[in-house]
Amino acid sequence: YLLSQMSWFQDGLWKAWYNTGKQKFEGAYVNGMKTGTWKGWHWNGKQEFEGEFINNMKHGRWTHWDEFGEISERITYSHGKRLRAGQRK
């Protein structure tokens with residue numbers, strides 16, 4: 001019973017694509033929780049974000065890019081709590 005109840009949990013590597021066929025994001029789940037490196041891309045294929053999750057919480061440095069590929073922001077997290085943000089361009 002417990003296994004069937006938990007079968008809806010997301011587990012493993014997950015990827016999503018825009019309807020154009022370009023990748024939208026990728027990242028891993030373990031027992032339904034985001035874990036490890038997650039990356040996302042804008043509709044035009046330029047990277048949008050990259051950062052780490054630990055137990056579904058952002059952790060460490062997250063970098064965000066604008067649609068032109070320029071870094072727009074760097075944010076540091078500790079177990080989901082935003083500690084500081086770097087300068088925007």
# chains A, B, ... in the order shown; residues from 1 in each chain; ligands from 1
$ residues_around --residues "A:Thr76" --least-positions-apart "5" --cutoff "6 Å" --atoms "only C-alpha atoms" --output "mmCIF file with N, CA and C atoms, in the first residue's frame"
data_model
loop_
_atom_site.group_PDB
_atom_site.id
_atom_site.type_symbol
_atom_site.label_atom_id
_atom_site.label_comp_id
_atom_site.auth_asym_id
_atom_site.auth_seq_id
_atom_site.Cartn_x
_atom_site.Cartn_y
_atom_site.Cartn_z
ATOM 1 N N GLY A 60 23.135 27.437 -2.336
ATOM 2 C CA GLY A 60 24.338 27.853 -3.046
ATOM 3 C C GLY A 60 24.044 28.986 -4.018
ATOM 4 N N ARG A 61 24.933 29.143 -4.994
ATOM 5 C CA ARG A 61 24.820 30.246 -5.939
ATOM 6 C C ARG A 61 23.911 29.889 -7.101
ATOM 7 N N LEU A 83 20.320 34.700 0.824
ATOM 8 C CA LEU A 83 21.318 35.369 1.658
ATOM 9 C C LEU A 83 21.725 36.716 1.072
ATOM 10 N N ARG A 84 22.042 36.700 -0.214
ATOM 11 C CA ARG A 84 22.445 37.962 -0.854
ATOM 12 C C ARG A 84 22.317 37.805 -2.369
#
$ residues_around --residues "A:Trp14" --least-positions-apart "4" --cutoff "12 Å" --atoms "only C-alpha atoms" --output "MDAnalysis selection string"
chainID A and resid 10 23:30 32:40
$ select_by_dssp --residues "chain A" --states "strand (DSSP E)" --output "PyMOL selection string"
chain A and resi 12-17+23-30+33-41+47-54+57-65+71-78+81-85
$ write_last_selection --atoms "N, CA and C atoms" --output "short mmCIF file (atom, residue, chain, number, x, y, z; two decimals), in the first residue's frame"
data_model
loop_
_atom_site.label_atom_id
_atom_site.label_comp_id
_atom_site.auth_asym_id
_atom_site.auth_seq_id
_atom_site.Cartn_x
_atom_site.Cartn_y
_atom_site.Cartn_z
N GLY A 12 13.99 10.81 -10.45
CA GLY A 12 14.91 10.75 -11.58
C GLY A 12 15.02 12.07 -12.32
N LEU A 13 15.68 12.02 -13.46
CA LEU A 13 15.91 13.21 -14.28
C LEU A 13 14.64 13.61 -15.01
N TRP A 14 14.30 14.88 -14.93
CA TRP A 14 13.12 15.41 -15.61
C TRP A 14 13.56 16.51 -16.57
N LYS A 15 12.96 16.50 -17.74
CA LYS A 15 13.24 17.52 -18.75
C LYS A 15 11.92 17.99 -19.34
N ALA A 16 11.89 19.25 -19.75
CA ALA A 16 10.71 19.80 -20.42
C ALA A 16 11.17 20.60 -21.63
N TRP A 17 10.30 20.66 -22.63
CA TRP A 17 10.62 21.37 -23.87
C TRP A 17 9.52 22.35 -24.21
N GLN A 23 14.73 22.90 -25.52
CA GLN A 23 14.62 22.49 -24.12
C GLN A 23 14.28 23.68 -23.23
N LYS A 24 13.40 23.46 -22.26
CA LYS A 24 12.97 24.50 -21.32
C LYS A 24 13.70 24.39 -19.99
N PHE A 25 13.77 23.17 -19.44
CA PHE A 25 14.51 22.97 -18.19
C PHE A 25 14.89 21.51 -18.04
N GLU A 26 15.83 21.27 -17.10
CA GLU A 26 16.14 19.90 -16.70
C GLU A 26 16.63 19.92 -15.27
N GLY A 27 16.31 18.85 -14.56
CA GLY A 27 16.73 18.70 -13.19
C GLY A 27 16.25 17.37 -12.66
N ALA A 28 16.74 17.01 -11.49
CA ALA A 28 16.42 15.70 -10.92
C ALA A 28 15.53 15.83 -9.69
N TYR A 29 14.71 14.81 -9.54
CA TYR A 29 13.89 14.64 -8.34
C TYR A 29 14.31 13.35 -7.65
N VAL A 30 14.29 13.38 -6.33
CA VAL A 30 14.45 12.18 -5.53
C VAL A 30 13.29 12.16 -4.55
N MET A 33 11.29 15.37 -4.51
CA MET A 33 11.96 16.62 -4.12
C MET A 33 13.06 16.96 -5.11
N LYS A 34 13.10 18.25 -5.50
CA LYS A 34 14.15 18.71 -6.41
C LYS A 34 15.50 18.56 -5.72
N THR A 35 16.46 18.01 -6.47
CA THR A 35 17.78 17.72 -5.91
C THR A 35 18.83 17.93 -6.99
N GLY A 36 19.98 18.47 -6.58
CA GLY A 36 21.08 18.62 -7.52
C GLY A 36 20.94 19.85 -8.41
N THR A 37 21.69 19.83 -9.50
CA THR A 37 21.73 20.98 -10.41
C THR A 37 20.48 21.04 -11.28
N TRP A 38 19.89 22.22 -11.35
CA TRP A 38 18.76 22.50 -12.24
C TRP A 38 19.19 23.59 -13.20
N LYS A 39 18.80 23.42 -14.45
CA LYS A 39 19.12 24.39 -15.50
C LYS A 39 17.86 24.70 -16.28
N GLY A 40 17.75 25.95 -16.72
CA GLY A 40 16.62 26.35 -17.55
C GLY A 40 17.08 27.21 -18.70
N TRP A 41 16.29 27.20 -19.78
CA TRP A 41 16.63 27.96 -20.98
C TRP A 41 15.44 28.81 -21.42
N GLN A 47 20.60 30.26 -22.15
CA GLN A 47 20.40 29.79 -20.78
C GLN A 47 19.68 30.86 -19.95
N GLU A 48 18.75 30.40 -19.11
CA GLU A 48 17.96 31.31 -18.25
C GLU A 48 18.40 31.25 -16.79
N PHE A 49 18.66 30.05 -16.28
CA PHE A 49 19.10 29.93 -14.89
C PHE A 49 19.87 28.64 -14.69
N GLU A 50 20.65 28.62 -13.60
CA GLU A 50 21.34 27.41 -13.17
C GLU A 50 21.60 27.53 -11.68
N GLY A 51 21.30 26.45 -10.95
CA GLY A 51 21.53 26.44 -9.52
C GLY A 51 21.26 25.07 -8.94
N GLU A 52 21.53 24.96 -7.65
CA GLU A 52 21.40 23.68 -6.95
C GLU A 52 20.19 23.67 -6.03
N PHE A 53 19.60 22.49 -5.93
CA PHE A 53 18.55 22.23 -4.96
C PHE A 53 19.04 21.16 -3.99
N ILE A 54 18.69 21.32 -2.73
CA ILE A 54 18.88 20.29 -1.72
C ILE A 54 17.53 20.12 -1.04
N MET A 57 14.92 22.74 -1.76
CA MET A 57 15.24 24.12 -1.41
C MET A 57 16.45 24.59 -2.21
N LYS A 58 16.38 25.82 -2.71
CA LYS A 58 17.54 26.38 -3.41
C LYS A 58 18.69 26.50 -2.43
N HIS A 59 19.90 26.18 -2.92
CA HIS A 59 21.07 26.21 -2.06
C HIS A 59 22.29 26.58 -2.89
N GLY A 60 23.13 27.44 -2.34
CA GLY A 60 24.34 27.85 -3.05
C GLY A 60 24.04 28.99 -4.02
N ARG A 61 24.93 29.14 -4.99
CA ARG A 61 24.82 30.25 -5.94
C ARG A 61 23.91 29.89 -7.10
N TRP A 62 22.95 30.76 -7.37
CA TRP A 62 22.07 30.66 -8.53
C TRP A 62 22.40 31.79 -9.47
N THR A 63 22.52 31.47 -10.72
CA THR A 63 22.80 32.48 -11.75
C THR A 63 21.62 32.55 -12.70
N HIS A 64 21.25 33.78 -13.04
CA HIS A 64 20.15 34.02 -13.99
C HIS A 64 20.69 34.84 -15.16
N TRP A 65 20.25 34.47 -16.36
CA TRP A 65 20.65 35.17 -17.58
C TRP A 65 19.43 35.77 -18.25
N ILE A 71 24.45 37.77 -18.02
CA ILE A 71 24.09 37.50 -16.63
C ILE A 71 23.28 38.67 -16.10
N SER A 72 22.09 38.35 -15.58
CA SER A 72 21.23 39.40 -15.04
C SER A 72 21.27 39.45 -13.52
N GLU A 73 21.58 38.32 -12.90
CA GLU A 73 21.60 38.30 -11.43
C GLU A 73 22.28 37.04 -10.93
N ARG A 74 22.96 37.18 -9.80
CA ARG A 74 23.52 36.05 -9.07
C ARG A 74 22.99 36.14 -7.65
N ILE A 75 22.42 35.05 -7.19
CA ILE A 75 21.81 35.03 -5.86
C ILE A 75 22.39 33.85 -5.09
N THR A 76 22.69 34.06 -3.82
CA THR A 76 23.18 32.99 -2.97
C THR A 76 22.09 32.61 -1.97
N TYR A 77 21.85 31.29 -1.87
CA TYR A 77 20.84 30.75 -0.96
C TYR A 77 21.49 29.79 0.02
N SER A 78 20.88 29.68 1.19
CA SER A 78 21.27 28.65 2.15
C SER A 78 20.00 27.93 2.57
N LYS A 81 16.83 29.87 1.97
CA LYS A 81 16.81 31.26 2.43
C LYS A 81 17.77 32.08 1.57
N ARG A 82 17.25 33.17 1.02
CA ARG A 82 18.07 34.05 0.19
C ARG A 82 19.02 34.84 1.09
N LEU A 83 20.32 34.70 0.82
CA LEU A 83 21.32 35.37 1.66
C LEU A 83 21.73 36.72 1.07
N ARG A 84 22.04 36.70 -0.21
CA ARG A 84 22.45 37.96 -0.85
C ARG A 84 22.32 37.81 -2.37
N ALA A 85 22.16 38.94 -2.99
CA ALA A 85 22.07 38.96 -4.44
C ALA A 85 23.20 39.80 -4.99
#
$ atom_distance --atom1 "atom CA of A:Asn56" --atom2 "atom CA of A:Phe68"
28.7 Å
$ atom_distance --atom1 "atom CA of A:Asn31" --atom2 "atom CA of A:Gly80"
18.2 Å
$ closest_residue --among "A:Glu67, A:Thr20, A:His79, A:Asp11" --to "A:His42" --atoms "only C-alpha atoms"
A:Glu67
$ select_by_dssp --residues "chain A" --states "alpha helix (DSSP H)" --output "number ranges by chain"
A: 2-6
$ write_last_selection --atoms "N, CA, C and O atoms" --output "CSV table (one decimal), in the first residue's frame"
chain,number,residue,atom,x,y,z
A,2,LEU,N,1.9,1.3,0.8
A,2,LEU,CA,2.7,2.5,0.8
A,2,LEU,C,3.4,2.7,-0.5
A,2,LEU,O,3.4,3.9,-1.0
A,3,LEU,N,3.8,1.7,-1.2
A,3,LEU,CA,4.5,1.9,-2.5
A,3,LEU,C,3.5,2.5,-3.5
A,3,LEU,O,3.8,3.4,-4.3
A,4,SER,N,2.2,2.0,-3.5
A,4,SER,CA,1.3,2.5,-4.5
A,4,SER,C,0.9,3.9,-4.1
A,4,SER,O,0.6,4.7,-5.0
A,5,GLN,N,0.9,4.3,-2.9
A,5,GLN,CA,0.6,5.6,-2.5
A,5,GLN,C,1.7,6.6,-2.9
A,5,GLN,O,1.4,7.7,-3.2
A,6,MET,N,2.9,6.1,-2.9
A,6,MET,CA,4.0,7.0,-3.2
A,6,MET,C,4.4,7.0,-4.7
A,6,MET,O,5.3,7.7,-5.1
